[in-house]
Each structure stands twice: as C-alpha cells, then as structure tokens.
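Engineer: This is the content of query-v1.txt (compact mmCIF, C-alpha atoms):
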```txt
# COMPACT_ATOMS: atom_id res chain seq x y z
CA MET A 589 -86.02 88.29 11.39
CA ALA A 590 -82.87 89.96 12.58
CA THR A 591 -82.91 93.65 13.47
CA VAL A 592 -81.91 96.00 10.68
CA VAL A 593 -78.26 96.97 11.14
CA LYS A 594 -76.67 99.78 9.15
CA GLN A 595 -74.24 98.20 6.71
CA LYS A 596 -71.07 99.71 5.29
CA SER A 597 -72.44 99.53 1.77
CA ASP A 598 -75.62 101.42 2.70
CA VAL A 599 -73.87 104.73 3.43
CA VAL A 600 -73.81 105.46 -0.28
CA LEU A 601 -77.61 105.64 -0.36
CA ASP A 602 -77.72 108.17 2.51
CA TYR A 603 -75.91 110.79 0.44
CA LEU A 604 -78.16 110.67 -2.63
CA ARG A 605 -80.36 113.68 -3.26
CA PRO A 606 -83.94 112.84 -2.28
CA GLY A 607 -86.45 112.95 -5.10
CA LYS A 608 -83.90 112.34 -7.84
CA LYS A 609 -84.85 109.75 -10.38
CA PHE A 610 -82.54 106.78 -10.55
CA PRO A 611 -80.92 105.07 -12.42
CA SER A 612 -78.53 107.85 -13.43
CA VAL A 613 -78.12 109.24 -16.96
CA TRP A 614 -74.74 107.54 -17.47
CA CYS A 615 -74.26 104.61 -19.83
CA PRO A 616 -74.36 101.09 -18.34
CA GLY A 617 -70.98 100.40 -16.74
CA CYS A 618 -69.73 104.02 -16.88
CA GLY A 619 -66.90 104.74 -14.47
CA ASN A 620 -68.49 107.99 -13.27
CA GLY A 621 -70.84 106.04 -11.00
CA THR A 622 -67.93 104.17 -9.42
CA VAL A 623 -66.11 107.46 -8.79
CA MET A 624 -69.33 108.88 -7.29
CA SER A 625 -69.60 106.07 -4.77
CA ALA A 626 -65.88 106.42 -3.98
CA ILE A 627 -66.36 110.15 -3.25
CA ILE A 628 -69.35 109.40 -1.00
CA ARG A 629 -67.45 106.78 0.97
CA ALA A 630 -64.44 109.10 1.34
CA VAL A 631 -66.65 111.93 2.66
CA ASP A 632 -68.44 109.52 4.99
CA LYS A 633 -65.16 108.14 6.30
CA LEU A 634 -63.93 111.63 7.17
CA GLY A 635 -67.24 112.41 8.88
CA TYR A 636 -68.09 115.67 7.10
CA SER A 637 -71.69 116.79 7.31
CA LYS A 638 -73.66 117.32 4.12
CA ASP A 639 -73.81 121.11 4.68
CA GLU A 640 -70.06 121.30 5.06
CA VAL A 641 -69.31 120.07 1.55
CA VAL A 642 -69.80 122.00 -1.69
CA MET A 643 -69.61 120.16 -4.97
CA VAL A 644 -68.86 122.26 -8.04
CA SER A 645 -68.91 120.99 -11.60
CA GLY A 646 -68.81 122.26 -15.14
CA ILE A 647 -70.29 120.59 -18.20
CA GLY A 648 -69.87 117.01 -19.29
CA CYS A 649 -70.78 113.47 -18.33
CA SER A 650 -68.83 113.58 -15.09
CA SER A 651 -70.25 116.98 -14.23
CA ARG A 652 -73.73 115.49 -13.83
CA MET A 653 -72.56 114.14 -10.47
CA PRO A 654 -73.57 117.01 -8.10
CA ILE A 655 -77.15 116.64 -9.33
CA TYR A 656 -77.35 113.23 -7.67
CA LEU A 657 -75.54 114.02 -4.44
CA ASP A 658 -77.13 115.75 -1.46
CA PHE A 659 -74.30 118.25 -0.90
CA SER A 660 -74.44 121.96 -1.62
CA ALA A 661 -74.10 121.99 -5.38
CA LEU A 662 -73.03 124.42 -8.07
CA HIS A 663 -73.42 123.39 -11.70
CA THR A 664 -71.55 125.97 -13.73
CA THR A 665 -70.51 126.85 -17.26
CA HIS A 666 -68.16 124.75 -19.37
CA GLY A 667 -64.63 124.63 -18.00
CA ARG A 668 -65.23 127.26 -15.32
CA ALA A 669 -65.87 124.92 -12.40
CA LEU A 670 -62.50 125.70 -10.79
CA ALA A 671 -63.04 129.46 -11.22
CA PHE A 672 -66.43 129.26 -9.49
CA ALA A 673 -64.97 126.97 -6.83
CA THR A 674 -62.23 129.51 -6.11
CA GLY A 675 -64.97 132.07 -5.41
CA VAL A 676 -66.87 129.65 -3.16
CA LYS A 677 -63.76 128.77 -1.17
CA PHE A 678 -62.79 132.42 -0.87
CA ALA A 679 -66.20 133.44 0.48
CA GLN A 680 -66.67 130.38 2.73
CA PRO A 681 -63.19 129.21 3.75
CA HIS A 682 -64.56 126.73 6.31
CA MET A 683 -66.30 124.68 3.62
CA LYS A 684 -64.83 121.68 1.82
CA VAL A 685 -64.93 122.32 -1.90
CA ILE A 686 -64.89 119.34 -4.23
CA VAL A 687 -64.66 119.99 -7.95
CA VAL A 688 -65.74 117.15 -10.20
CA THR A 689 -64.54 117.67 -13.70
CA GLY A 690 -63.77 115.77 -16.85
CA ASP A 691 -60.64 115.80 -18.97
CA GLY A 692 -62.08 118.05 -21.68
CA ASP A 693 -63.77 120.32 -19.15
CA ALA A 694 -60.64 120.87 -17.05
CA LEU A 695 -57.87 120.76 -19.61
CA ALA A 696 -59.26 122.08 -22.90
CA ILE A 697 -62.02 124.56 -22.19
CA GLY A 698 -60.89 125.30 -18.65
CA GLY A 699 -57.17 124.71 -19.09
CA ASN A 700 -56.32 128.23 -18.03
CA HIS A 701 -58.44 128.02 -14.88
CA PHE A 702 -56.88 124.67 -14.09
CA ILE A 703 -53.26 125.83 -14.13
CA HIS A 704 -54.07 129.01 -12.21
CA ALA A 705 -55.98 127.14 -9.50
CA CYS A 706 -52.89 124.92 -9.18
CA ARG A 707 -50.63 127.98 -9.07
CA ARG A 708 -52.59 129.70 -6.29
CA ASN A 709 -52.62 126.53 -4.20
CA ILE A 710 -56.15 127.24 -2.97
CA ASP A 711 -57.66 124.56 -0.73
CA ILE A 712 -59.81 122.78 -3.32
CA THR A 713 -60.04 119.07 -4.04
CA ALA A 714 -60.33 118.45 -7.77
CA VAL A 715 -61.40 114.99 -8.89
CA LEU A 716 -60.55 114.83 -12.58
CA ILE A 717 -62.30 111.93 -14.25
CA ASN A 718 -60.18 111.11 -17.26
CA ASN A 719 -61.87 109.00 -19.91
CA ASN A 720 -59.59 110.19 -22.77
CA ILE A 721 -62.46 111.50 -24.89
CA TYR A 722 -65.40 113.93 -24.98
CA GLY A 723 -68.10 111.43 -24.08
CA MET A 724 -71.22 113.58 -23.87
CA THR A 725 -70.91 115.35 -27.21
CA GLY A 726 -70.14 112.32 -29.35
CA GLY A 727 -66.58 111.10 -28.91
CA GLN A 728 -64.41 113.98 -30.12
CA GLY A 729 -60.69 113.90 -29.32
CA SER A 730 -59.74 115.64 -26.07
CA PRO A 731 -56.35 116.89 -24.77
CA THR A 732 -55.80 113.51 -23.09
CA THR A 733 -56.64 111.32 -26.09
CA PRO A 734 -53.47 109.21 -26.39
CA ASP A 735 -51.15 109.37 -29.40
CA ALA A 736 -52.54 107.50 -32.42
CA ALA A 737 -55.86 106.76 -30.67
CA PHE A 738 -59.08 106.98 -32.64
CA SER A 739 -61.96 109.34 -31.95
CA THR A 740 -64.68 110.85 -34.13
CA THR A 741 -62.46 113.89 -34.87
CA THR A 742 -59.33 111.77 -35.35
CA PRO A 743 -60.67 108.94 -37.54
CA TYR A 744 -57.17 108.03 -38.81
CA GLY A 745 -55.45 108.24 -35.44
CA ASN A 746 -54.52 111.16 -33.24
CA ALA A 747 -51.47 113.07 -34.51
CA GLU A 748 -51.30 115.33 -31.44
CA LYS A 749 -49.44 114.65 -28.22
CA HIS A 750 -51.49 114.33 -25.07
CA PHE A 751 -51.33 115.93 -21.64
CA ASP A 752 -50.10 114.03 -18.62
CA VAL A 753 -52.59 115.50 -16.14
CA CYS A 754 -50.57 114.75 -13.02
CA ASP A 755 -47.32 116.16 -14.40
CA LEU A 756 -49.17 119.27 -15.55
CA ALA A 757 -50.71 119.87 -12.10
CA LYS A 758 -47.41 119.26 -10.34
CA ALA A 759 -45.56 121.63 -12.63
CA ALA A 760 -48.27 124.29 -12.23
CA GLY A 761 -47.92 124.18 -8.45
CA ALA A 762 -50.51 121.78 -7.01
CA THR A 763 -49.39 120.41 -3.65
CA TYR A 764 -51.12 117.02 -3.78
CA VAL A 765 -51.28 114.92 -6.90
CA GLY A 766 -52.68 111.40 -6.97
CA ARG A 767 -53.88 109.00 -9.60
CA SER A 768 -56.05 105.93 -9.52
CA THR A 769 -58.41 104.06 -11.79
CA VAL A 770 -62.00 102.90 -11.41
CA TYR A 771 -60.77 99.31 -11.22
CA HIS A 772 -58.80 100.28 -8.10
CA ALA A 773 -61.89 101.78 -6.45
CA PRO A 774 -60.79 101.24 -2.81
CA GLN A 775 -57.50 102.97 -3.57
CA LEU A 776 -59.38 105.77 -5.32
CA GLU A 777 -61.47 106.22 -2.18
CA LYS A 778 -58.30 106.52 -0.08
CA GLN A 779 -56.76 108.98 -2.54
CA ILE A 780 -59.86 111.19 -2.40
CA ALA A 781 -59.92 111.03 1.41
CA THR A 782 -56.23 112.05 1.59
CA ALA A 783 -56.85 114.82 -0.94
CA LEU A 784 -59.80 116.14 1.09
CA GLU A 785 -57.70 116.31 4.24
CA HIS A 786 -54.79 117.96 2.43
CA ARG A 787 -54.54 121.73 2.88
CA GLY A 788 -53.88 123.21 -0.54
CA PHE A 789 -54.80 122.34 -4.10
CA ALA A 790 -55.24 118.59 -4.40
CA LEU A 791 -55.77 116.81 -7.68
CA VAL A 792 -56.91 113.21 -7.98
CA GLU A 793 -56.94 111.86 -11.50
CA ALA A 794 -59.47 109.04 -11.75
CA ILE A 795 -58.95 107.07 -14.93
CA ALA A 796 -62.39 105.94 -16.06
CA ASN A 797 -63.79 103.91 -18.90
CA CYS A 798 -65.81 105.35 -21.78
CA HIS A 799 -66.56 102.10 -23.57
CA THR A 800 -69.38 103.76 -25.51
CA TYR A 801 -67.00 105.97 -27.50
CA PHE A 802 -63.36 105.45 -26.61
CA GLY A 803 -63.63 101.72 -26.10
CA ARG A 804 -65.70 101.16 -29.21
CA LEU A 805 -63.55 103.31 -31.53
CA ASN A 806 -60.28 101.86 -30.19
CA ARG A 807 -61.49 98.24 -30.01
CA GLN A 808 -61.00 98.02 -26.27
CA GLY A 809 -64.26 96.17 -25.68
CA ASP A 810 -67.00 96.69 -23.13
CA ALA A 811 -66.88 98.02 -19.57
CA VAL A 812 -65.50 94.77 -18.12
CA ALA A 813 -62.76 94.52 -20.75
CA MET A 814 -61.72 98.11 -20.08
CA LEU A 815 -61.64 97.53 -16.31
CA ASN A 816 -59.38 94.53 -16.86
CA MET A 817 -57.19 96.69 -19.10
CA PHE A 818 -56.86 99.22 -16.26
CA LYS A 819 -55.79 96.39 -13.99
CA GLU A 820 -53.13 95.21 -16.43
CA ARG A 821 -51.81 98.63 -17.40
CA SER A 822 -51.51 100.14 -13.92
CA VAL A 823 -48.33 100.03 -11.87
CA THR A 824 -47.91 101.31 -8.34
CA THR A 825 -45.46 104.10 -7.53
CA ALA A 826 -43.20 101.67 -5.66
CA LYS A 827 -43.00 99.31 -8.62
CA ALA A 828 -42.59 102.15 -11.12
CA LYS A 829 -39.31 103.20 -9.50
CA GLU A 830 -37.71 99.94 -10.59
CA MET A 831 -38.98 100.15 -14.16
CA THR A 832 -37.37 101.88 -17.13
CA GLU A 833 -38.96 104.64 -19.22
CA GLU A 834 -39.53 102.21 -22.05
CA GLU A 835 -41.41 99.77 -19.83
CA LEU A 836 -43.57 102.58 -18.42
CA LYS A 837 -44.56 103.89 -21.84
CA ASP A 838 -48.05 102.39 -21.99
CA LYS A 839 -48.62 102.23 -18.23
CA TRP A 840 -50.34 104.40 -15.68
CA VAL A 841 -48.48 104.99 -12.45
CA ILE A 842 -51.10 104.94 -9.70
CA GLY A 843 -50.82 106.12 -6.13
CA THR A 844 -49.72 109.37 -4.51
CA LEU A 845 -47.39 110.96 -7.03
CA TYR A 846 -46.57 114.19 -5.24
CA GLU A 847 -47.30 115.66 -1.84
CA SER A 848 -45.88 118.79 -0.27
CA THR A 849 -46.79 120.96 2.69
CA GLU A 850 -44.17 123.64 2.14
CA LYS A 851 -46.22 125.99 -0.01
CA SER A 852 -48.67 128.23 1.88
CA GLU A 853 -52.38 128.06 1.17
CA PHE A 854 -54.03 130.94 -0.70
CA CYS A 855 -56.92 131.73 1.70
CA GLU A 856 -54.58 131.83 4.72
CA GLU A 857 -52.13 134.01 2.85
CA TYR A 858 -54.90 136.39 1.83
CA GLN A 859 -56.20 136.60 5.42
CA LYS A 860 -52.70 137.58 6.57
CA LEU A 861 -52.68 140.33 3.97
CA VAL A 862 -56.13 141.56 5.10
CA ASP A 863 -55.01 141.62 8.74
CA ARG A 864 -51.83 143.48 7.89
CA VAL A 865 -53.61 146.16 5.85
CA ALA A 866 -56.36 146.56 8.49
CA LYS A 867 -53.68 147.44 11.06
CA GLY A 868 -52.50 150.18 8.76
CA GLY A 869 -49.47 148.38 7.41
CA ARG A 870 -48.53 148.32 3.78
CA MET B 699 -71.23 81.72 -19.22
CA SER B 700 -71.31 78.29 -20.85
CA ASP B 701 -73.20 75.34 -19.37
CA ALA B 702 -70.03 73.32 -18.86
CA ASN B 703 -68.55 76.07 -16.72
CA SER B 704 -71.73 76.30 -14.65
CA THR B 705 -71.67 72.57 -13.96
CA ASP B 706 -68.04 72.74 -12.84
CA GLN B 707 -68.96 75.55 -10.56
CA ALA B 708 -71.90 73.64 -9.12
CA ARG B 709 -69.74 70.59 -8.38
CA ARG B 710 -67.18 72.65 -6.51
CA LYS B 711 -67.50 72.82 -2.75
CA PRO B 712 -68.51 76.24 -1.37
CA PRO B 713 -65.61 78.07 0.32
CA GLN B 714 -65.33 78.11 4.08
CA THR B 715 -66.74 81.41 5.27
CA LYS B 716 -67.88 82.75 8.58
CA TYR B 717 -71.20 83.73 7.05
CA ASP B 718 -74.27 81.55 7.22
CA TYR B 719 -76.71 82.71 4.59
CA SER B 720 -79.25 79.96 5.22
CA ALA B 721 -80.28 81.56 8.52
CA GLY B 722 -80.03 85.28 7.79
CA PRO B 723 -80.72 87.54 4.80
CA PRO B 724 -79.03 86.90 1.42
CA PRO B 725 -75.39 88.08 1.10
CA VAL B 726 -76.22 91.03 -1.16
CA THR B 727 -79.40 92.78 -2.24
CA ILE B 728 -79.71 93.80 -5.89
CA ASN B 729 -81.91 96.76 -6.75
CA MET B 730 -83.24 95.54 -10.10
CA SER B 731 -84.84 98.86 -11.04
CA TRP B 732 -81.49 100.70 -10.76
CA CYS B 733 -79.41 97.98 -12.44
CA LYS B 734 -78.44 98.66 -16.07
CA ALA B 735 -77.03 95.18 -16.77
CA CYS B 736 -73.44 96.37 -17.31
CA ASN B 737 -72.09 92.92 -16.36
CA ILE B 738 -69.34 94.32 -14.06
CA CYS B 739 -70.48 92.49 -10.89
CA ILE B 740 -70.92 89.20 -12.74
CA ALA B 741 -67.43 89.45 -14.26
CA LEU B 742 -65.58 90.70 -11.19
CA CYS B 743 -67.05 88.28 -8.64
CA PRO B 744 -64.16 85.90 -7.79
CA THR B 745 -66.48 83.08 -6.73
CA GLN B 746 -69.11 83.43 -9.50
CA VAL B 747 -72.03 84.11 -7.18
CA PHE B 748 -74.08 85.82 -9.90
CA GLU B 749 -75.61 84.51 -13.10
CA PRO B 750 -77.13 86.82 -15.71
CA ASP B 751 -80.87 86.56 -16.17
CA ARG B 752 -82.67 87.04 -19.52
CA ASP B 753 -82.01 90.82 -19.47
CA GLY B 754 -78.37 90.39 -18.44
CA LYS B 755 -79.06 91.57 -14.89
CA PRO B 756 -77.43 89.59 -12.06
CA VAL B 757 -79.33 87.08 -9.99
CA LEU B 758 -77.96 85.29 -6.93
CA ALA B 759 -77.30 81.83 -8.35
CA ARG B 760 -74.79 80.52 -5.77
CA GLN B 761 -75.14 82.69 -2.69
CA GLU B 762 -73.35 80.18 -0.42
CA TYR B 763 -70.14 80.98 -2.37
CA CYS B 764 -70.16 84.66 -1.34
CA THR B 765 -67.17 85.64 0.80
CA GLN B 766 -68.20 89.31 1.29
CA CYS B 767 -65.15 90.50 -0.63
CA THR B 768 -67.02 93.79 -1.38
CA LEU B 769 -65.89 93.85 -5.05
CA CYS B 770 -69.42 93.89 -6.49
CA TRP B 771 -70.90 96.78 -4.54
CA ILE B 772 -67.69 98.83 -4.55
CA HIS B 773 -67.59 98.71 -8.36
CA CYS B 774 -71.32 98.95 -9.10
CA PRO B 775 -71.65 102.22 -11.07
CA ASP B 776 -75.39 102.45 -10.40
CA LEU B 777 -75.25 101.83 -6.65
CA ALA B 778 -77.66 98.95 -7.20
CA ILE B 779 -75.92 96.38 -4.96
CA THR B 780 -75.82 96.63 -1.19
CA SER B 781 -74.37 94.10 1.19
CA ASN B 782 -76.40 92.72 4.07
CA TYR B 783 -73.36 91.79 6.15
CA LYS B 784 -70.50 93.72 7.70
```
When written as structure tokens, how does the structure in this file appear?

Structural biologist:
Amino acid sequence: MATVVKQKSDVVLDYLRPGKKFPSVWCPGCGNGTVMSAIIRAVDKLGYSKDEVVMVSGIGCSSRMPIYLDFSALHTTHGRALAFATGVKFAQPHMKVIVVTGDGDALAIGGNHFIHACRRNIDITAVLINNNIYGMTGGQGSPTTPDAAFSTTTPYGNAEKHFDVCDLAKAAGATYVGRSTVYHAPQLEKQIATALEHRGFALVEAIANCHTYFGRLNRQGDAVAMLNMFKERSVTTAKAKEMTEEELKDKWVIGTLYESTEKSEFCEEYQKLVDRVAKGGR
Amino acid sequence: MSDANSTDQARRKPPQTKYDYSAGPPPVTINMSWCKACNICIALCPTQVFEPDRDGKPVLARQEYCTQCTLCWIHCPDLAITSNYK
C-alpha cells in the first residue's frame, strides 16, 4: 500500500466545517455546490488561512454556504449581506470578506445595498450566484428572470425586463466585474481568485442551474441538460468582440468584463481622512 | 445508457495514460453517502468511466479509461468525488 499523499482534490474537504451533516441541503445537481468548491479552491490557491477569511451571506439557497465552510461566518437578514460585510470590512480591514449572495437577495431585496457597495468601492468580493429565479421560496420571478421566461409568479411569461448584473455593477462603480458559469468551473475558480486579490469592490457573477424550478418551468431539462446549455450559450470576451448585438442576444459573455485600479478603495480613503483630522486638519 | 453503447465502449481500447490503476488505488473515490445521484459526473466524463447503479449513483465501471481530466470532481456539487492521483 502506497503512502497517503495529499491530493489536489482533497483540499476541498479540509475547509468544511467539522461536525456539519453532509450531504448539503441543496437539490441534487444544484450549482451552489460547484460554486462552493470553486471558492474553496480559490482560497486555497491564494494561501489564506481560515481565520483570515470572513464569509457573509443573506437569505436564500446560495446563502446556506457559510454554514458548511470553516471560515468566520455571518448569516444575516435578507438582502443585507453587503451592508453587514461593509461593517465587517470597516472594523477589520485586514480580513478578506467574501459575500455569497443570490440574484434575488442582492438585486431585489438588497438592490440598494448592492449599488452602494459598488459605489463606495470597498474591498469586498461578492460572488453572486445567478439562477434566474427565487429557488428557496418556490420559484417566483426575480429581477434576473429573462424576458418571457416562466416562473410561478409569471405563469404566462415574464413581461418585465431583466437586470444585466455585470453592467449594473460596472455602472454603479465596481472596479472588478467578472462572469462565469458552473459549467466553466475552473474558469470560475480563476475569476474568484482574481477577484479576491483585487483591491476594491469585485463582483463575480456565477451563472448556476436551478433545474428544480427554472429548468422545470422553462423546459430546460435536468442539471446535465442545463450545464450543456451553459456550455452552448457562453461566449468568451475575446470572441464576443467579433460578434454583433443580434448574435449576442441569447448569450452570456464570460470572462473578466471590467477591471480598473484607478478608483481609490474606501477603507484606505477613510483612514486618510482619520489621519488628517487627528492632526488637526479639516 | 443503452446496452449497445456499453458494448461499443467495452470493445474500445483503453486510452494511453501514464496512470496504472492495476497497481495503485482506483482513479477516483466516490463517497456514496454524500452522493445525491445528480448524474453530472456520469454525463460529463469524456471516457465514460462511470455507470449508474440501481439508485443512479456512479460506480467505477471502466476505471482503466480514466485520464484524470478532473471534470468529475471539479463539477461534483456534493464534493463526493476525490481523485487519488495528482
């Protein structure tokens, strides 16, 4: 029998909270688990210790994640994850704050907190798991439910227009915006790692499958069928430049969509202000 | 998977890999108590290493075909698959 060597795939198990009951509460094949393992591998790759990372979440399927991970965790009220995370970052600027949030949590209930966290450019990494629907409460339409898509509150098709999360964050002032899908899990891992290293507000939109509600109501099939759909409907940023608007209509552009280091970070800026006032300046 | 497909698969020669599974541990370990039978690993595996058992959970049917492409354990939402090789 060969000696036990630590394998690359085993690192995921080291970051799980001891004493938690597995399997997780998510449906079989849910993309949240894939995003969770991508986050763990990104944190492990960057070599952060468990005490150095805080994971903040609101309410929803995706927000169950900090319960399973052995980081400092804060499970907060619906939509207010980014508001709590701003407080955590402000009090402990040396810590890495990861916010795991869903599309309804971040954009509907916490829409205001989302745009203002982007505006302040505070050093938080937000991983927004976008499954186009409110999964936990029974499949109601969310702000990212696509036009004409079915949900339990839009049984004849959605008449509203949907948010483009990445455009919204960029316009509101976030300095890193990336998008990936659960099919492109290695790329998602890289995106999260880049976002964690970025100084300033970083948003990674992880497009995930909710085959239990969104897939079933929109006839997109099971988890495997939805993953294959992500593969077919995703185009990289390099390829998207050569395509017309019409061709990009039903596609997701994946990759780093926006990155800037010009804007100053909020905690640094506030420290400058504190120093200036302490010296007696105005 | 149909029987005809399985037979085709069995007739095919295993790919040339640097891994020798007959001597060491199996290519991947599946934690059956964590697995929820979502079928993702079975569908994504490019060399059809897995076959579903009666509950739909994967079993290693053709482990000599495994090329350690990492697709199964990177996509497993329940962290139930771990590789035994680098």

Engineer: What would the list of residues within 10 Å of (-81.3, 98.8, -5.3) (file frame) look like as a PyMOL selection string, if only C-alpha atoms are what count?

Structural biologist: (chain A and resi 601+610-611) or (chain B and resi 727-733+776-780)

Engineer: Taking the point (-53.6, 125.7, -8.3) as given in the file, collect each protein or nucleic acid residue that comes within 8 Å of it, counting only C-alpha atoms, and present the set as a list of chain:residue names.

Structural biologist: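 With a cut-off of 8 Å, the residues come to A:Phe702, A:Ile703, A:His704, A:Ala705, A:Cys706, A:Arg707, A:Arg708, A:Asn709, A:Ile710, A:Ala757, A:Ala760, A:Gly761, A:Ala762, A:Phe789.
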
Engineer: With C-alpha atoms kept, could you save the residues just selected as an mmCIF file, in the coordinates of the input?

Structural biologist:
```
data_model
loop_
_atom_site.group_PDB
_atom_site.id
_atom_site.type_symbol
_atom_site.label_atom_id
_atom_site.label_comp_id
_atom_site.auth_asym_id
_atom_site.auth_seq_id
_atom_site.Cartn_x
_atom_site.Cartn_y
_atom_site.Cartn_z
ATOM 1 C CA PHE A 702 -56.880 124.670 -14.090
ATOM 2 C CA ILE A 703 -53.260 125.830 -14.130
ATOM 3 C CA HIS A 704 -54.070 129.010 -12.210
ATOM 4 C CA ALA A 705 -55.980 127.140 -9.500
ATOM 5 C CA CYS A 706 -52.890 124.920 -9.180
ATOM 6 C CA ARG A 707 -50.630 127.980 -9.070
ATOM 7 C CA ARG A 708 -52.590 129.700 -6.290
ATOM 8 C CA ASN A 709 -52.620 126.530 -4.200
ATOM 9 C CA ILE A 710 -56.150 127.240 -2.970
ATOM 10 C CA ALA A 757 -50.710 119.870 -12.100
ATOM 11 C CA ALA A 760 -48.270 124.290 -12.230
ATOM 12 C CA GLY A 761 -47.920 124.180 -8.450
ATOM 13 C CA ALA A 762 -50.510 121.780 -7.010
ATOM 14 C CA PHE A 789 -54.800 122.340 -4.100
#
```

Engineer: For chain A, work out the contacting residues on chain B at 10 Å, counting only C-alpha atoms, and write them as number ranges by chain.

Structural biologist: B: 721-723, 726, 731-742, 768-769, 771-784

Engineer: Report, in Å to a single decimal, how far apart atom CA of B:Tyr719 and atom CA of B:Glu762 are.

Structural biologist: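 That distance, rounded to one decimal, is 6.5 Å.
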
Engineer: Box for stretch 758-766 of chain B - axis-aligned, 8 Å on each of the six sides, all listed atoms - centre and size in Å to one decimal, as AutoDock Vina command-line options.

Structural biologist:
```
--center_x -72.6 --center_y 84.7 --center_z -3.5 --size_x 26.8 --size_y 25.1 --size_z 25.6
```

Engineer: Show me, as number ranges by chain, the residues that have an atom within 10 Å of A:Ala696 when counting all atoms listed in the file, minus same-chain residues fewer than 6 positions from it.

Structural biologist: A: 666-667, 690, 702, 730-732

Engineer: Record the distance separating atom CA of A:Asp735 and atom CA of A:Glu833, expressed in Å with one decimal.

Structural biologist: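 Spanning atom CA of A:Asp735 to atom CA of A:Glu833 is a straight-line distance of 16.6 Å.
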
Engineer: Quick one: everything within 12 Å of A:Ala826, counting all atoms listed in the file, minus sequence neighbours fewer than 3 positions away in the same chain. Send it as a ChimeraX atom specification.

Structural biologist: /A:822-823,829-831,841-845
